[in-house]
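K.L.:
Before anything else, here's the structure in question.
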Amino acid sequence: MGYYIKSKKINIVLDEQQQEAIFNIWKNLPTLIKDKKEQMLLRDFVFLFSECESCEDLLKELHFEIRRTKKGLKLVSYSDKLRNQEKLFDLVGDILTPGSFMTLKGEDGDIFGWFFNGKRIYFDGYKELKELNLSFEQKKALDDTLKEIPINKTFKI
């Protein structure tokens, strides 16, 4: 059982410094997370990441398809069961390049995603987003994604 998701669009490229920072954070989850409830939510990742030796290894364990480019690791696609990955991205939201985003589609057709502008900003296709301070690129990506939502579920940015 579980709620399966797959990426629709991803605009995340990690340079070497970002890769190193993300690796250090995700690899050291047990020492960074003090709250017992949060530790329980992330315990699967601690086990999953135990044998990883690079950020690329971590991303592959999370079921990202990655491509090496001159700028760094480009996240190409993603497909997995939803299991608290958003907690991982909360920890590294300030590391990702502002304007980075990932839009996702759930097994039931719901569209949602994560935008990064110094932190992880969650969006859900069924909520108003006017209050979010999104960059031009983020608004365009969101608008492009939301065009695929049935008309009775759309909203204005």
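Just remember, in the structure tokens the first chain shown is A, the second B, etc., residues are 1-based per chain, and ligands are 1-based in the order shown.
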Go through stretch 29-87 of chain A residue by residue and, counting only C-alpha atoms, keep those with an atom at most 12 Å from stretch 10-24 of chain A; for each kept residue give the shortest atom pair and its distance in Å to one decimal, ordered by chain and increasing number, as a Markdown table.
P.N.:
| residue | atom | partner | partner_atom | distance |
| --- | --- | --- | --- | --- |
| A:Leu29 | CA | A:Asn24 | CA | 8.7 |
| A:Pro30 | CA | A:Asn24 | CA | 11.6 |
| A:Thr31 | CA | A:Asn24 | CA | 10.9 |
| A:Leu32 | CA | A:Asn24 | CA | 10.1 |
| A:Phe49 | CA | A:Phe23 | CA | 9.6 |
| A:Ser50 | CA | A:Phe23 | CA | 11.5 |
| A:Cys52 | CA | A:Phe23 | CA | 9.0 |
| A:Glu53 | CA | A:Phe23 | CA | 8.4 |
| A:Ser54 | CA | A:Phe23 | CA | 6.3 |
| A:Cys55 | CA | A:Phe23 | CA | 4.8 |
| A:Glu56 | CA | A:Gln19 | CA | 7.8 |
| A:Asp57 | CA | A:Phe23 | CA | 9.2 |
| A:Leu58 | CA | A:Phe23 | CA | 7.4 |
| A:Leu59 | CA | A:Phe23 | CA | 9.4 |
| A:Phe64 | CA | A:Ile10 | CA | 10.4 |
| A:Glu65 | CA | A:Ile10 | CA | 10.7 |
| A:Ile66 | CA | A:Val13 | CA | 9.5 |
| A:Arg67 | CA | A:Val13 | CA | 9.3 |
| A:Arg68 | CA | A:Val13 | CA | 9.2 |
| A:Thr69 | CA | A:Val13 | CA | 8.6 |
| A:Lys70 | CA | A:Asp15 | CA | 9.0 |
| A:Lys71 | CA | A:Asp15 | CA | 5.9 |
| A:Gly72 | CA | A:Asp15 | CA | 4.4 |
| A:Leu73 | CA | A:Leu14 | CA | 5.1 |
| A:Lys74 | CA | A:Val13 | CA | 4.3 |
| A:Leu75 | CA | A:Ile12 | CA | 5.7 |
| A:Val76 | CA | A:Ile10 | CA | 6.4 |
| A:Ser77 | CA | A:Ile10 | CA | 6.8 |
| A:Tyr78 | CA | A:Ile10 | CA | 8.5 |
| A:Ser79 | CA | A:Ile10 | CA | 11.8 |
K.L.:
For a quick check of understanding, using only C-alpha atoms, which of A:Leu91, A:Ile111, A:Leu82, A:Met102 has the smallest distance to A:Tyr4?
P.N.:
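Nearest candidate to A:Tyr4 out of A:Leu91, A:Ile111, A:Leu82, A:Met102: A:Leu82.
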K.L.:
From a DSSP calculation on the backbone, collect every residue of stretch 51-141 of chain A in helix (DSSP H, G or I) and output the set as a count of residues only.
P.N.:
21
K.L.:
With only C-alpha atoms as the atoms that count, which of A:Ile5, A:Leu88, A:Ile25, A:Leu96 lies nearest to A:Asp44?
P.N.:
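Closest to A:Asp44 of all the choices is A:Leu88.
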K.L.:
Hey, can you check how far atom CA of A:Trp114 sits from atom CA of A:Glu51?
P.N.:
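Value for the atom CA of A:Trp114-atom CA of A:Glu51 distance: 27.0 Å.
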K.L.:
Which neighbours of A:Glu86 fall inside 12 Å, counting only C-alpha atoms, when residues of the same chain fewer than 6 positions from it are skipped, and could you give them as a ChimeraX atom specification?
P.N.:
/A:38,41-42,45,62,92-93,102,104,112-116,119-123
K.L.:
Quick one: of A:Asn28, A:Gln39, A:Thr97, A:Gln85, who's nearest to A:Gly118, counting only C-alpha atoms?
P.N.:
A:Thr97
